[in-house]
>>> print(open('input_3.cif').read())   # mmCIF, C-alpha atoms
data_run
#
loop_
_atom_site.group_PDB
_atom_site.id
_atom_site.type_symbol
_atom_site.label_atom_id
_atom_site.label_comp_id
_atom_site.auth_asym_id
_atom_site.auth_seq_id
_atom_site.Cartn_x
_atom_site.Cartn_y
_atom_site.Cartn_z
ATOM 1 C CA MET A 141 55.051 107.864 126.037
ATOM 2 C CA PHE A 142 55.492 104.507 124.294
ATOM 3 C CA ARG A 143 54.352 106.284 121.148
ATOM 4 C CA GLY A 144 57.171 108.778 121.677
ATOM 5 C CA ILE A 145 54.790 111.541 122.778
ATOM 6 C CA TYR A 146 55.496 113.516 125.958
ATOM 7 C CA TYR A 147 53.121 116.286 127.072
ATOM 8 C CA GLY A 148 51.662 116.472 123.590
ATOM 9 C CA LYS A 149 54.985 116.715 121.750
ATOM 10 C CA GLN A 150 56.538 113.998 119.584
ATOM 11 C CA HIS A 151 60.119 113.307 120.664
ATOM 12 C CA HIS A 152 60.868 109.950 119.056
ATOM 13 C CA VAL A 153 59.308 107.126 117.083
ATOM 14 C CA ALA A 154 56.746 104.802 118.631
ATOM 15 C CA ASP A 155 58.703 101.991 120.269
ATOM 16 C CA VAL A 156 56.190 99.628 121.900
ATOM 17 C CA ALA A 157 57.689 96.656 120.027
ATOM 18 C CA THR A 158 61.178 97.561 121.246
ATOM 19 C CA VAL A 159 59.993 97.988 124.834
ATOM 20 C CA LEU A 160 58.239 94.615 124.749
ATOM 21 C CA SER A 161 61.265 92.916 123.214
ATOM 22 C CA ARG A 162 63.429 94.312 126.000
ATOM 23 C CA ALA A 163 60.940 93.036 128.584
ATOM 24 C CA TRP A 164 60.826 89.502 127.199
ATOM 25 C CA SER A 165 64.624 89.413 126.974
ATOM 26 C CA ALA A 166 64.856 90.533 130.608
ATOM 27 C CA GLY A 167 62.757 87.564 131.741
ATOM 28 C CA VAL A 168 59.314 89.130 131.968
ATOM 29 C CA ASP A 169 56.781 86.376 131.271
ATOM 30 C CA ARG A 170 53.485 88.281 131.061
ATOM 31 C CA ILE A 171 52.304 91.883 131.183
ATOM 32 C CA ILE A 172 48.926 93.166 132.340
ATOM 33 C CA VAL A 173 47.881 96.380 130.567
ATOM 34 C CA THR A 174 45.769 98.505 132.906
ATOM 35 C CA GLY A 175 42.419 99.992 131.941
ATOM 36 C CA GLY A 176 41.452 103.239 133.674
ATOM 37 C CA SER A 177 38.270 104.184 131.819
ATOM 38 C CA LEU A 178 35.812 102.600 129.412
ATOM 39 C CA GLU A 179 37.709 103.839 126.371
ATOM 40 C CA GLY A 180 41.054 103.110 128.006
ATOM 41 C CA SER A 181 39.926 99.575 128.799
ATOM 42 C CA LYS A 182 38.884 99.066 125.166
ATOM 43 C CA GLU A 183 42.342 100.192 124.077
ATOM 44 C CA ALA A 184 43.974 97.934 126.679
ATOM 45 C CA LEU A 185 42.071 94.947 125.284
ATOM 46 C CA THR A 186 43.113 95.857 121.744
ATOM 47 C CA ILE A 187 46.756 95.999 122.838
ATOM 48 C CA ALA A 188 46.464 92.717 124.757
ATOM 49 C CA GLU A 189 45.235 90.962 121.622
ATOM 50 C CA THR A 190 48.505 91.703 119.830
ATOM 51 C CA ASP A 191 50.581 89.209 121.833
ATOM 52 C CA GLY A 192 49.836 86.003 123.711
ATOM 53 C CA ARG A 193 51.809 87.286 126.690
ATOM 54 C CA LEU A 194 49.733 90.441 127.084
ATOM 55 C CA PHE A 195 46.593 90.667 129.229
ATOM 56 C CA CYS A 196 44.485 93.526 130.552
ATOM 57 C CA THR A 197 41.993 94.866 133.083
ATOM 58 C CA VAL A 198 38.635 96.621 132.682
ATOM 59 C CA GLY A 199 37.585 99.376 135.061
ATOM 60 C CA VAL A 200 37.456 103.057 135.960
ATOM 61 C CA HIS A 201 40.223 104.796 137.896
ATOM 62 C CA PRO A 202 39.008 106.870 140.883
ATOM 63 C CA THR A 203 40.167 110.124 139.317
ATOM 64 C CA ARG A 204 38.130 109.337 136.200
ATOM 65 C CA CYS A 205 34.741 108.813 137.830
ATOM 66 C CA LYS A 206 33.789 112.354 136.808
ATOM 67 C CA PHE A 207 34.621 114.474 133.785
ATOM 68 C CA PHE A 208 37.627 116.671 134.492
ATOM 69 C CA ILE A 209 40.302 118.799 132.872
ATOM 70 C CA PHE A 210 42.919 117.923 130.275
ATOM 71 C CA MET A 211 42.120 115.094 127.850
ATOM 72 C CA TYR A 212 40.358 112.565 130.081
ATOM 73 C CA ILE A 213 37.018 111.179 128.955
ATOM 74 C CA GLN A 214 33.626 111.262 130.599
ATOM 75 C CA GLU A 215 32.980 108.444 133.045
ATOM 76 C CA PHE A 216 30.095 107.404 135.294
ATOM 77 C CA GLU A 217 28.925 110.723 136.771
ATOM 78 C CA GLU A 218 29.032 112.705 133.523
ATOM 79 C CA SER A 219 27.618 109.850 131.491
ATOM 80 C CA ALA A 220 24.093 110.416 130.176
ATOM 81 C CA ASP A 221 23.161 107.047 131.685
ATOM 82 C CA PRO A 222 25.481 105.695 134.439
ATOM 83 C CA GLU A 223 23.771 102.296 134.354
ATOM 84 C CA GLN A 224 24.305 102.046 130.612
ATOM 85 C CA HIS A 225 27.946 102.941 131.198
ATOM 86 C CA PHE A 226 28.216 100.159 133.772
ATOM 87 C CA GLN A 227 26.677 97.683 131.344
ATOM 88 C CA ALA A 228 29.189 98.730 128.688
ATOM 89 C CA LEU A 229 32.029 97.966 131.095
ATOM 90 C CA LEU A 230 30.466 94.611 131.938
ATOM 91 C CA SER A 231 30.050 93.703 128.264
ATOM 92 C CA LEU A 232 33.648 94.656 127.539
ATOM 93 C CA ALA A 233 34.896 92.558 130.465
ATOM 94 C CA GLN A 234 32.846 89.575 129.324
ATOM 95 C CA GLU A 235 34.157 89.949 125.773
ATOM 96 C CA GLY A 236 37.723 90.058 127.070
ATOM 97 C CA ILE A 237 37.184 87.018 129.277
ATOM 98 C CA GLN A 238 35.945 85.025 126.287
ATOM 99 C CA LYS A 239 39.104 86.042 124.434
ATOM 100 C CA GLY A 240 41.244 84.953 127.387
ATOM 101 C CA LYS A 241 42.592 88.468 127.837
ATOM 102 C CA VAL A 242 40.764 90.270 130.666
ATOM 103 C CA VAL A 243 42.104 89.030 134.001
ATOM 104 C CA ALA A 244 40.854 91.619 136.530
ATOM 105 C CA ILE A 245 38.469 94.483 137.239
ATOM 106 C CA GLY A 246 40.247 97.803 137.709
ATOM 107 C CA GLU A 247 42.093 99.946 138.120
ATOM 108 C CA CYS A 248 39.556 101.182 140.642
ATOM 109 C CA GLY A 249 39.646 102.479 144.196
ATOM 110 C CA LEU A 250 40.097 105.784 146.022
ATOM 111 C CA ASP A 251 42.577 108.632 145.530
ATOM 112 C CA TYR A 252 42.299 111.464 148.056
ATOM 113 C CA ASP A 253 45.591 112.988 146.929
ATOM 114 C CA ARG A 254 43.879 114.178 143.734
ATOM 115 C CA LEU A 255 40.429 115.304 144.804
ATOM 116 C CA HIS A 256 40.631 118.150 142.291
ATOM 117 C CA PHE A 257 39.989 115.498 139.642
ATOM 118 C CA CYS A 258 37.042 113.867 141.379
ATOM 119 C CA PRO A 259 35.336 114.474 144.771
ATOM 120 C CA ALA A 260 35.605 111.776 147.428
ATOM 121 C CA GLU A 261 31.864 111.027 147.519
ATOM 122 C CA ILE A 262 31.756 110.274 143.807
ATOM 123 C CA GLN A 263 34.913 108.172 144.054
ATOM 124 C CA LYS A 264 33.386 106.099 146.870
ATOM 125 C CA LYS A 265 30.102 105.658 145.021
ATOM 126 C CA TYR A 266 31.684 104.221 141.904
ATOM 127 C CA PHE A 267 34.410 102.287 143.662
ATOM 128 C CA GLU A 268 31.662 100.361 145.403
ATOM 129 C CA LYS A 269 29.783 99.957 142.130
ATOM 130 C CA GLN A 270 32.721 98.214 140.493
ATOM 131 C CA PHE A 271 32.607 95.366 142.989
ATOM 132 C CA GLU A 272 29.434 94.415 141.137
ATOM 133 C CA LEU A 273 31.574 93.995 138.014
ATOM 134 C CA ALA A 274 33.894 91.655 139.884
ATOM 135 C CA HIS A 275 30.941 89.707 141.263
ATOM 136 C CA ALA A 276 29.294 89.361 137.848
ATOM 137 C CA THR A 277 32.484 88.305 136.073
ATOM 138 C CA LYS A 278 34.076 86.295 138.912
ATOM 139 C CA LEU A 279 37.298 88.261 138.330
ATOM 140 C CA PRO A 280 39.823 89.515 140.925
ATOM 141 C CA MET A 281 40.329 93.232 141.490
ATOM 142 C CA PHE A 282 43.229 95.536 140.658
ATOM 143 C CA LEU A 283 42.978 98.316 143.237
ATOM 144 C CA HIS A 284 44.234 101.852 143.802
ATOM 145 C CA MET A 285 44.559 103.485 147.238
ATOM 146 C CA ARG A 286 46.086 106.901 147.918
ATOM 147 C CA ALA A 287 45.667 108.667 151.281
ATOM 148 C CA ALA A 288 42.293 106.949 151.701
ATOM 149 C CA ALA A 289 42.957 103.815 153.751
ATOM 150 C CA GLU A 290 40.036 104.169 156.175
ATOM 151 C CA ASP A 291 37.311 104.635 153.539
ATOM 152 C CA PHE A 292 39.011 102.171 151.187
ATOM 153 C CA CYS A 293 39.089 99.386 153.788
ATOM 154 C CA GLU A 294 35.495 100.052 154.861
ATOM 155 C CA ILE A 295 34.300 99.615 151.271
ATOM 156 C CA VAL A 296 36.423 96.509 150.750
ATOM 157 C CA GLU A 297 35.041 95.048 153.991
ATOM 158 C CA ARG A 298 31.449 95.577 152.849
ATOM 159 C CA ASN A 299 32.180 93.906 149.527
ATOM 160 C CA ARG A 300 34.701 91.254 150.487
ATOM 161 C CA ASP A 301 32.355 88.462 149.388
ATOM 162 C CA LYS A 302 31.962 89.927 145.888
ATOM 163 C CA PHE A 303 35.525 89.319 144.688
ATOM 164 C CA SER A 304 37.797 86.306 144.785
ATOM 165 C CA ALA A 305 41.072 88.132 145.392
ATOM 166 C CA GLY A 306 42.765 91.441 144.737
ATOM 167 C CA VAL A 307 45.930 93.481 144.853
ATOM 168 C CA THR A 308 46.247 97.021 146.190
ATOM 169 C CA HIS A 309 48.914 98.157 143.789
ATOM 170 C CA SER A 310 51.547 100.905 143.998
ATOM 171 C CA PHE A 311 51.273 100.840 147.785
ATOM 172 C CA THR A 312 52.573 103.952 149.562
ATOM 173 C CA GLY A 313 50.790 103.707 152.900
ATOM 174 C CA ASN A 314 52.144 103.318 156.410
ATOM 175 C CA THR A 315 52.390 100.214 158.602
ATOM 176 C CA GLU A 316 48.870 100.678 159.928
ATOM 177 C CA ASP A 317 47.487 100.883 156.370
ATOM 178 C CA CYS A 318 49.472 97.779 155.464
ATOM 179 C CA ASP A 319 48.084 95.843 158.422
ATOM 180 C CA LYS A 320 44.524 96.826 157.496
ATOM 181 C CA LEU A 321 44.981 95.475 153.978
ATOM 182 C CA LEU A 322 46.633 92.274 155.166
ATOM 183 C CA SER A 323 43.664 91.640 157.455
ATOM 184 C CA PHE A 324 41.756 90.717 154.285
ATOM 185 C CA ASN A 325 42.827 87.164 153.537
ATOM 186 C CA ASN A 326 42.270 87.603 149.803
ATOM 187 C CA MET A 327 44.282 90.825 149.473
ATOM 188 C CA TYR A 328 47.849 91.211 148.193
ATOM 189 C CA ILE A 329 50.013 94.343 148.222
ATOM 190 C CA GLY A 330 51.705 95.570 145.049
ATOM 191 C CA VAL A 331 55.084 97.289 145.305
ATOM 192 C CA ASN A 332 56.795 99.514 142.724
ATOM 193 C CA GLY A 333 59.172 102.477 142.646
ATOM 194 C CA CYS A 334 56.648 104.741 144.385
ATOM 195 C CA SER A 335 56.648 102.269 147.281
ATOM 196 C CA LEU A 336 60.418 102.545 147.730
ATOM 197 C CA LYS A 337 61.161 106.274 147.910
ATOM 198 C CA THR A 338 62.006 106.794 151.573
ATOM 199 C CA THR A 339 63.542 104.921 154.474
ATOM 200 C CA GLU A 340 60.070 104.864 156.036
ATOM 201 C CA ASN A 341 58.699 103.261 152.845
ATOM 202 C CA LEU A 342 61.361 100.571 153.010
ATOM 203 C CA ASP A 343 60.526 99.852 156.656
ATOM 204 C CA VAL A 344 56.894 99.277 155.669
ATOM 205 C CA VAL A 345 57.823 97.052 152.717
ATOM 206 C CA LYS A 346 60.124 95.084 154.977
ATOM 207 C CA GLY A 347 57.072 94.097 157.011
ATOM 208 C CA ILE A 348 54.989 92.817 154.088
ATOM 209 C CA PRO A 349 55.164 89.000 153.970
ATOM 210 C CA VAL A 350 56.571 87.805 150.651
ATOM 211 C CA GLU A 351 53.601 85.429 150.433
ATOM 212 C CA ARG A 352 51.250 88.454 150.283
ATOM 213 C CA MET A 353 53.268 90.623 147.908
ATOM 214 C CA MET A 354 53.489 91.382 144.195
ATOM 215 C CA VAL A 355 56.050 93.516 142.356
ATOM 216 C CA GLU A 356 55.236 95.778 139.420
ATOM 217 C CA THR A 357 56.498 98.739 137.435
ATOM 218 C CA ASP A 358 53.281 100.701 136.714
ATOM 219 C CA SER A 359 55.246 101.919 133.713
ATOM 220 C CA PRO A 360 55.698 104.439 132.227
ATOM 221 C CA TYR A 361 55.415 105.898 135.737
ATOM 222 C CA CYS A 362 56.806 105.028 139.186
ATOM 223 C CA GLU A 363 60.414 104.362 138.209
ATOM 224 C CA ILE A 364 63.064 104.002 140.909
ATOM 225 C CA LYS A 365 65.038 107.253 140.882
ATOM 226 C CA ASN A 366 68.569 107.939 142.038
ATOM 227 C CA THR A 367 67.116 109.949 144.946
ATOM 228 C CA HIS A 368 65.095 106.991 146.259
ATOM 229 C CA ALA A 369 66.195 105.232 149.428
ATOM 230 C CA GLY A 370 66.082 101.858 147.691
ATOM 231 C CA ILE A 371 68.525 102.765 144.918
ATOM 232 C CA LYS A 372 71.433 101.320 146.908
ATOM 233 C CA PHE A 373 70.065 97.797 146.471
ATOM 234 C CA ILE A 374 69.811 97.877 142.670
ATOM 235 C CA LYS A 375 72.197 95.663 140.711
ATOM 236 C CA SER A 376 70.427 95.420 137.339
ATOM 237 C CA LEU A 377 71.204 98.474 135.231
ATOM 238 C CA TRP A 378 70.259 99.469 131.697
ATOM 239 C CA PRO A 379 71.915 102.192 129.590
ATOM 240 C CA SER A 380 69.632 105.212 129.250
ATOM 241 C CA LYS A 381 69.384 108.363 127.175
ATOM 242 C CA LYS A 382 67.119 111.380 127.241
ATOM 243 C CA LYS A 383 64.077 111.293 124.975
ATOM 244 C CA GLU A 384 65.619 114.026 122.847
ATOM 245 C CA LYS A 385 68.540 111.691 122.080
ATOM 246 C CA TYR A 386 66.474 108.556 121.611
ATOM 247 C CA ASP A 387 68.355 105.326 121.016
ATOM 248 C CA GLN A 388 66.384 102.102 120.637
ATOM 249 C CA ASN A 389 69.150 100.202 122.431
ATOM 250 C CA CYS A 390 68.683 102.331 125.568
ATOM 251 C CA ILE A 391 65.772 102.948 127.874
ATOM 252 C CA VAL A 392 64.427 106.498 127.892
ATOM 253 C CA LYS A 393 65.604 108.383 130.967
ATOM 254 C CA GLY A 394 62.641 109.107 133.249
ATOM 255 C CA ARG A 395 60.307 106.661 131.481
ATOM 256 C CA ASN A 396 59.694 103.411 133.308
ATOM 257 C CA GLU A 397 59.591 100.100 131.429
ATOM 258 C CA PRO A 398 58.459 96.534 132.195
ATOM 259 C CA CYS A 399 62.060 95.265 132.016
ATOM 260 C CA LEU A 400 62.837 97.320 135.125
ATOM 261 C CA VAL A 401 60.591 95.206 137.348
ATOM 262 C CA ARG A 402 63.747 93.290 138.262
ATOM 263 C CA GLN A 403 64.964 96.429 140.030
ATOM 264 C CA VAL A 404 61.864 96.484 142.231
ATOM 265 C CA LEU A 405 62.521 92.879 143.158
ATOM 266 C CA GLU A 406 66.128 93.692 144.064
ATOM 267 C CA VAL A 407 65.133 96.582 146.330
ATOM 268 C CA VAL A 408 62.495 94.487 148.090
ATOM 269 C CA ALA A 409 65.010 91.682 148.627
ATOM 270 C CA GLY A 410 67.640 94.158 149.791
ATOM 271 C CA CYS A 411 65.503 95.868 152.419
ATOM 272 C CA LYS A 412 64.305 92.471 153.665
ATOM 273 C CA GLY A 413 67.831 91.066 153.833
ATOM 274 C CA ILE A 414 66.954 88.246 151.412
ATOM 275 C CA THR A 415 69.963 86.953 149.460
ATOM 276 C CA ASP A 416 68.184 84.388 147.278
ATOM 277 C CA VAL A 417 66.422 86.789 144.925
ATOM 278 C CA ASP A 418 65.518 84.031 142.477
ATOM 279 C CA GLN A 419 63.652 82.026 145.112
ATOM 280 C CA MET A 420 61.841 85.163 146.222
ATOM 281 C CA SER A 421 60.856 85.850 142.619
ATOM 282 C CA LYS A 422 59.293 82.400 142.359
ATOM 283 C CA THR A 423 57.127 83.037 145.398
ATOM 284 C CA ILE A 424 56.004 86.422 144.114
ATOM 285 C CA TYR A 425 55.317 85.065 140.630
ATOM 286 C CA HIS A 426 53.224 82.322 142.208
ATOM 287 C CA ASN A 427 51.253 84.992 144.093
ATOM 288 C CA THR A 428 50.573 86.791 140.828
ATOM 289 C CA CYS A 429 49.415 83.617 139.095
ATOM 290 C CA ARG A 430 47.230 82.689 142.057
ATOM 291 C CA VAL A 431 45.279 85.932 141.654
ATOM 292 C CA PHE A 432 45.293 86.622 137.907
ATOM 293 C CA PHE A 433 46.071 83.262 136.278
ATOM 294 C CA PRO A 434 44.811 80.561 138.679
ATOM 295 C CA HIS A 435 44.234 78.093 135.827
ATOM 296 C CA ASP A 436 47.941 78.329 134.946
ATOM 297 C CA LEU A 437 49.417 77.692 138.387
ATOM 298 C CA ASP A 438 50.719 74.223 137.554
ATOM 299 C CA THR A 439 52.176 75.393 134.242
ATOM 300 C CA ALA A 440 53.878 78.362 135.869
ATOM 301 C CA ALA A 441 55.330 76.222 138.647
ATOM 302 C CA ASP A 442 56.666 73.720 136.111
ATOM 303 C CA ALA A 443 58.308 76.507 134.125
ATOM 304 C CA LEU A 444 60.036 77.890 137.196
ATOM 305 C CA LEU A 445 61.239 74.483 138.302
ATOM 306 C CA ALA A 446 62.651 74.014 134.815
ATOM 307 C CA GLY A 447 64.820 77.070 135.411
ATOM 308 C CA ARG A 448 63.008 79.819 133.536
ATOM 309 C CA HIS A 449 62.869 82.976 135.659
ATOM 310 C CA ASP A 450 59.709 85.049 135.458
ATOM 311 C CA TRP A 451 59.860 88.455 137.056
#
>>> encode(input="input_3.cif", output="C-alpha cells")
Amino acid sequence: MFRGIYYGKQHHVADVATVLSRAWSAGVDRIIVTGGSLEGSKEALTIAETDGRLFCTVGVHPTRCKFFIFMYIQEFEESADPEQHFQALLSLAQEGIQKGKVVAIGECGLDYDRLHFCPAEIQKKYFEKQFELAHATKLPMFLHMRAAAEDFCEIVERNRDKFSAGVTHSFTGNTEDCDKLLSFNNMYIGVNGCSLKTTENLDVVKGIPVERMMVETDSPYCEIKNTHAGIKFIKSLWPSKKKEKYDQNCIVKGRNEPCLVRQVLEVVAGCKGITDVDQMSKTIYHNTCRVFFPHDLDTAADALLAGRHDW
C-alpha cells in the first residue's frame, strides 16, 4: 500500500518517504518494521537500514507457518529443510543485531481466527520453535494472539525463561485474556485501532495498567474508523482523500499510517479518564524502550524531560 498498490492495482505513486516525513513531523521518534516471514524479514531489515530511526523484527507470522493461497511464501512446514529455515532466520537476526537494526523476534504467535491459512497444530509447533530464536539472540518477542489465549499462554508459560520481555500486540481479547497475559511479569500489551472497536474493547483497555501497555498503529492496517467506539475521544485529525484522488498532503482514506499513533493514545487516555496525555505518553514510550531499546533508556528519558514528545 505504501507503494501505491492495492489488491494488485497501482493507484498512486510510491509514497514511503512522504509517510515517514509525516510521522517524524507528528512526533514519532522510531518505527519498528515487522517481519512476518523469512523473505519479509529480509525486506524489513533492508527498509530499516534506510533511516537511523527505523528498526525491525525477524520471525514468522502464525498464518505463514505453512504454504497457503495468494502470494505468501513457503515457511517452515513447506520448507525442504525446516531446520535450515530456522538457521536462516537465526543468521538474519544475528546480522541485523550487528547492524543495530533487529530489536525483536516476531511477529510470531497463534491465530485461530484464520485457520484456513495454517492449522493450529502447525502454528503451535513453530510458535514454540521461535522461542529458541529469542533465547539464542537474547532478543524480546513481538507476539500475535487471536482467539487462542489458552494455547498461547500455555506455550508462553513453558518458554518464559527463554525471552527477556515481550509484547502481545494488537490485543483484542477479553478481560480474562488480559489478566492471563499480565500474569507474566515480562509481558506488555499492545493496543491499536483493532483494540478499540467496541465498548467492550474499551472496558478491557481501561483495565490495562499504563505501566504494562504500548500503543501502535500496525499500519497500513488497524486504523480507527468512524464506526469504532473510541472515535469520540480523538482530537488529532489529518485531512484524507481516497486513493483514487491521491494527494501527498493528505493521508489515504482507509490506509493507516504511523503518524496516527497519536489517535490511539488519545482513545486510551479518553477511556481511562486520563487528562494528561503527554505524561501518559512518556510512560508508554518508556515501556517501549524498556523492551526494545533498553540500552537507550537514559537517552530517551533525557529527551522527554527536555520536552520532545515521542509517541
>>> resolve_selection(input="input_3.cif", expression="the PyMOL selection byres ((chain A and resi 379-391) around 7)", output="MDAnalysis selection string")
chainID A and resid 151:152 158 377:378 392:393
>>> resolve_selection(input="input_3.cif", expression="the PyMOL selection byres ((chain A and resi 232) around 9)", output="PyMOL selection string")
chain A and resi 178+181-182+185+198+227-231+233-237+242
>>> resolve_selection(input="input_3.cif", expression="the PyMOL selection byres ((chain A and resi 363-372) around 8)", output="list in words")
Asn332, Gly333, Cys334, Leu336, Lys337, Thr338, Thr339, Leu342, Thr357, Ser359, Pro360, Tyr361, Cys362, Phe373, Ile374, Gly394, Arg395, Asn396, Gln403, Val404, Val407 and Cys411 of chain A
>>> write_last_selection(input="input_3.cif", atoms="C-alpha atoms", output="compact mmCIF listing (two decimals), keeping the file's coordinate frame")
# COMPACT_ATOMS: atom_id res chain seq x y z
CA ASN A 332 56.80 99.51 142.72
CA GLY A 333 59.17 102.48 142.65
CA CYS A 334 56.65 104.74 144.38
CA LEU A 336 60.42 102.54 147.73
CA LYS A 337 61.16 106.27 147.91
CA THR A 338 62.01 106.79 151.57
CA THR A 339 63.54 104.92 154.47
CA LEU A 342 61.36 100.57 153.01
CA THR A 357 56.50 98.74 137.44
CA SER A 359 55.25 101.92 133.71
CA PRO A 360 55.70 104.44 132.23
CA TYR A 361 55.42 105.90 135.74
CA CYS A 362 56.81 105.03 139.19
CA PHE A 373 70.06 97.80 146.47
CA ILE A 374 69.81 97.88 142.67
CA GLY A 394 62.64 109.11 133.25
CA ARG A 395 60.31 106.66 131.48
CA ASN A 396 59.69 103.41 133.31
CA GLN A 403 64.96 96.43 140.03
CA VAL A 404 61.86 96.48 142.23
CA VAL A 407 65.13 96.58 146.33
CA CYS A 411 65.50 95.87 152.42
>>> atom_distance(input="input_3.cif", atom1="atom CA of A:Thr190", atom2="atom CA of A:Cys429")
20.9 Å
>>> closest_residue(input="input_3.cif", among="A:Lys241, A:Arg430, A:Arg298, A:Arg162", to="A:Asn326", atoms="all atoms listed in the file")
A:Arg430
>>> residues_around(input="input_3.cif", residues="A:Asp191", least_positions_apart="4", cutoff="12 Å", atoms="only C-alpha atoms", output="list in words")
Val156, Ala157, Leu160, Ser161, Trp164, Asp169, Arg170, Ile171, Ile172, Val173, Ala184, Leu185, Thr186, Ile187, Phe195, Cys196, Gly240 and Lys241 of chain A
>>> atom_distance(input="input_3.cif", atom1="atom CA of A:Leu194", atom2="atom CA of A:Met285")
24.6 Å
>>> residues_around(input="input_3.cif", residues="A:Ala154", least_positions_apart="5", cutoff="7 Å", atoms="only C-alpha atoms", output="short mmCIF file (atom, residue, chain, number, x, y, z; two decimals) with C-alpha atoms, keeping the file's coordinate frame")
data_model
loop_
_atom_site.label_atom_id
_atom_site.label_comp_id
_atom_site.auth_asym_id
_atom_site.auth_seq_id
_atom_site.Cartn_x
_atom_site.Cartn_y
_atom_site.Cartn_z
CA PHE A 142 55.49 104.51 124.29
CA ARG A 143 54.35 106.28 121.15
CA GLY A 144 57.17 108.78 121.68
#
>>> atom_distance(input="input_3.cif", atom1="atom CA of A:Glu261", atom2="atom CA of A:Gly249")
12.0 Å
>>> closest_residue(input="input_3.cif", among="A:Phe226, A:Phe432, A:Tyr252, A:Phe257", to="A:Gly306", atoms="only C-alpha atoms")
A:Phe432
>>> closest_residue(input="input_3.cif", among="A:Tyr328, A:Leu400, A:Val408, A:His201", to="A:Asn341", atoms="only C-alpha atoms")
A:Val408
>>> residues_around(input="input_3.cif", residues="A:Glu316", least_positions_apart="3", cutoff="12 Å", atoms="all atoms listed in the file", output="list in words")
Ala289, Glu290, Cys293, Thr312, Gly313, Asp319, Lys320, Leu321, Leu322, Ser323, Val344, Gly347 and Ile348 of chain A
>>> residues_around(input="input_3.cif", residues="A:Ala260", least_positions_apart="4", cutoff="8 Å", atoms="all atoms listed in the file", output="ChimeraX atom specification")
/A:250-252,255,264
>>> closest_residue(input="input_3.cif", among="A:Ile424, A:Val168, A:Cys258, A:Val431", to="A:Phe303", atoms="all atoms listed in the file")
A:Val431
>>> closest_residue(input="input_3.cif", among="A:Pro202, A:Gly175, A:Pro398, A:Pro222", to="A:Asp253", atoms="only C-alpha atoms")
A:Pro202
>>> closest_residue(input="input_3.cif", among="A:Thr203, A:Glu272, A:Leu405, A:Glu397", to="A:Ser335", atoms="all atoms listed in the file")
A:Leu405
>>> residues_near_point(input="input_3.cif", point="(46.8, 99.9, 149.4)", cutoff="8 Å", atoms="all atoms listed in the file", output="list of chain:residue names")
A:Leu283, A:His284, A:Met285, A:Arg286, A:Ala289, A:Val307, A:Thr308, A:His309, A:Ser310, A:Phe311, A:Thr312, A:Gly313, A:Asp317, A:Cys318, A:Leu321, A:Ile329, A:Gly330
>>> decode(input="input_3.cif", residues="stretch 171-175 of chain A", atoms="all heavy atoms", output="compact mmCIF listing (two decimals), in the first residue's frame")
# COMPACT_ATOMS: atom_id res chain seq x y z
N ILE A 171 10.36 3.81 14.47
CA ILE A 171 9.37 2.89 13.90
C ILE A 171 10.00 1.51 13.81
O ILE A 171 11.15 1.37 13.38
CB ILE A 171 8.92 3.35 12.50
CG1 ILE A 171 8.13 4.66 12.59
CG2 ILE A 171 8.07 2.28 11.81
CD1 ILE A 171 7.80 5.28 11.25
N ILE A 172 9.26 0.50 14.22
CA ILE A 172 9.71 -0.88 14.08
C ILE A 172 8.93 -1.51 12.92
O ILE A 172 7.71 -1.60 12.97
CB ILE A 172 9.49 -1.68 15.37
CG1 ILE A 172 10.28 -1.05 16.53
CG2 ILE A 172 9.91 -3.14 15.18
CD1 ILE A 172 10.03 -1.69 17.88
N VAL A 173 9.66 -1.93 11.90
CA VAL A 173 9.06 -2.58 10.72
C VAL A 173 8.97 -4.08 11.03
O VAL A 173 9.96 -4.71 11.39
CB VAL A 173 9.93 -2.35 9.47
CG1 VAL A 173 9.25 -2.96 8.24
CG2 VAL A 173 10.18 -0.86 9.26
N THR A 174 7.78 -4.65 10.89
CA THR A 174 7.55 -6.02 11.30
C THR A 174 7.85 -7.03 10.21
O THR A 174 7.37 -6.91 9.09
CB THR A 174 6.08 -6.20 11.73
OG1 THR A 174 5.74 -5.18 12.67
CG2 THR A 174 5.87 -7.55 12.37
N GLY A 175 8.63 -8.05 10.57
CA GLY A 175 8.84 -9.19 9.68
C GLY A 175 7.82 -10.26 9.95
O GLY A 175 7.49 -10.53 11.11
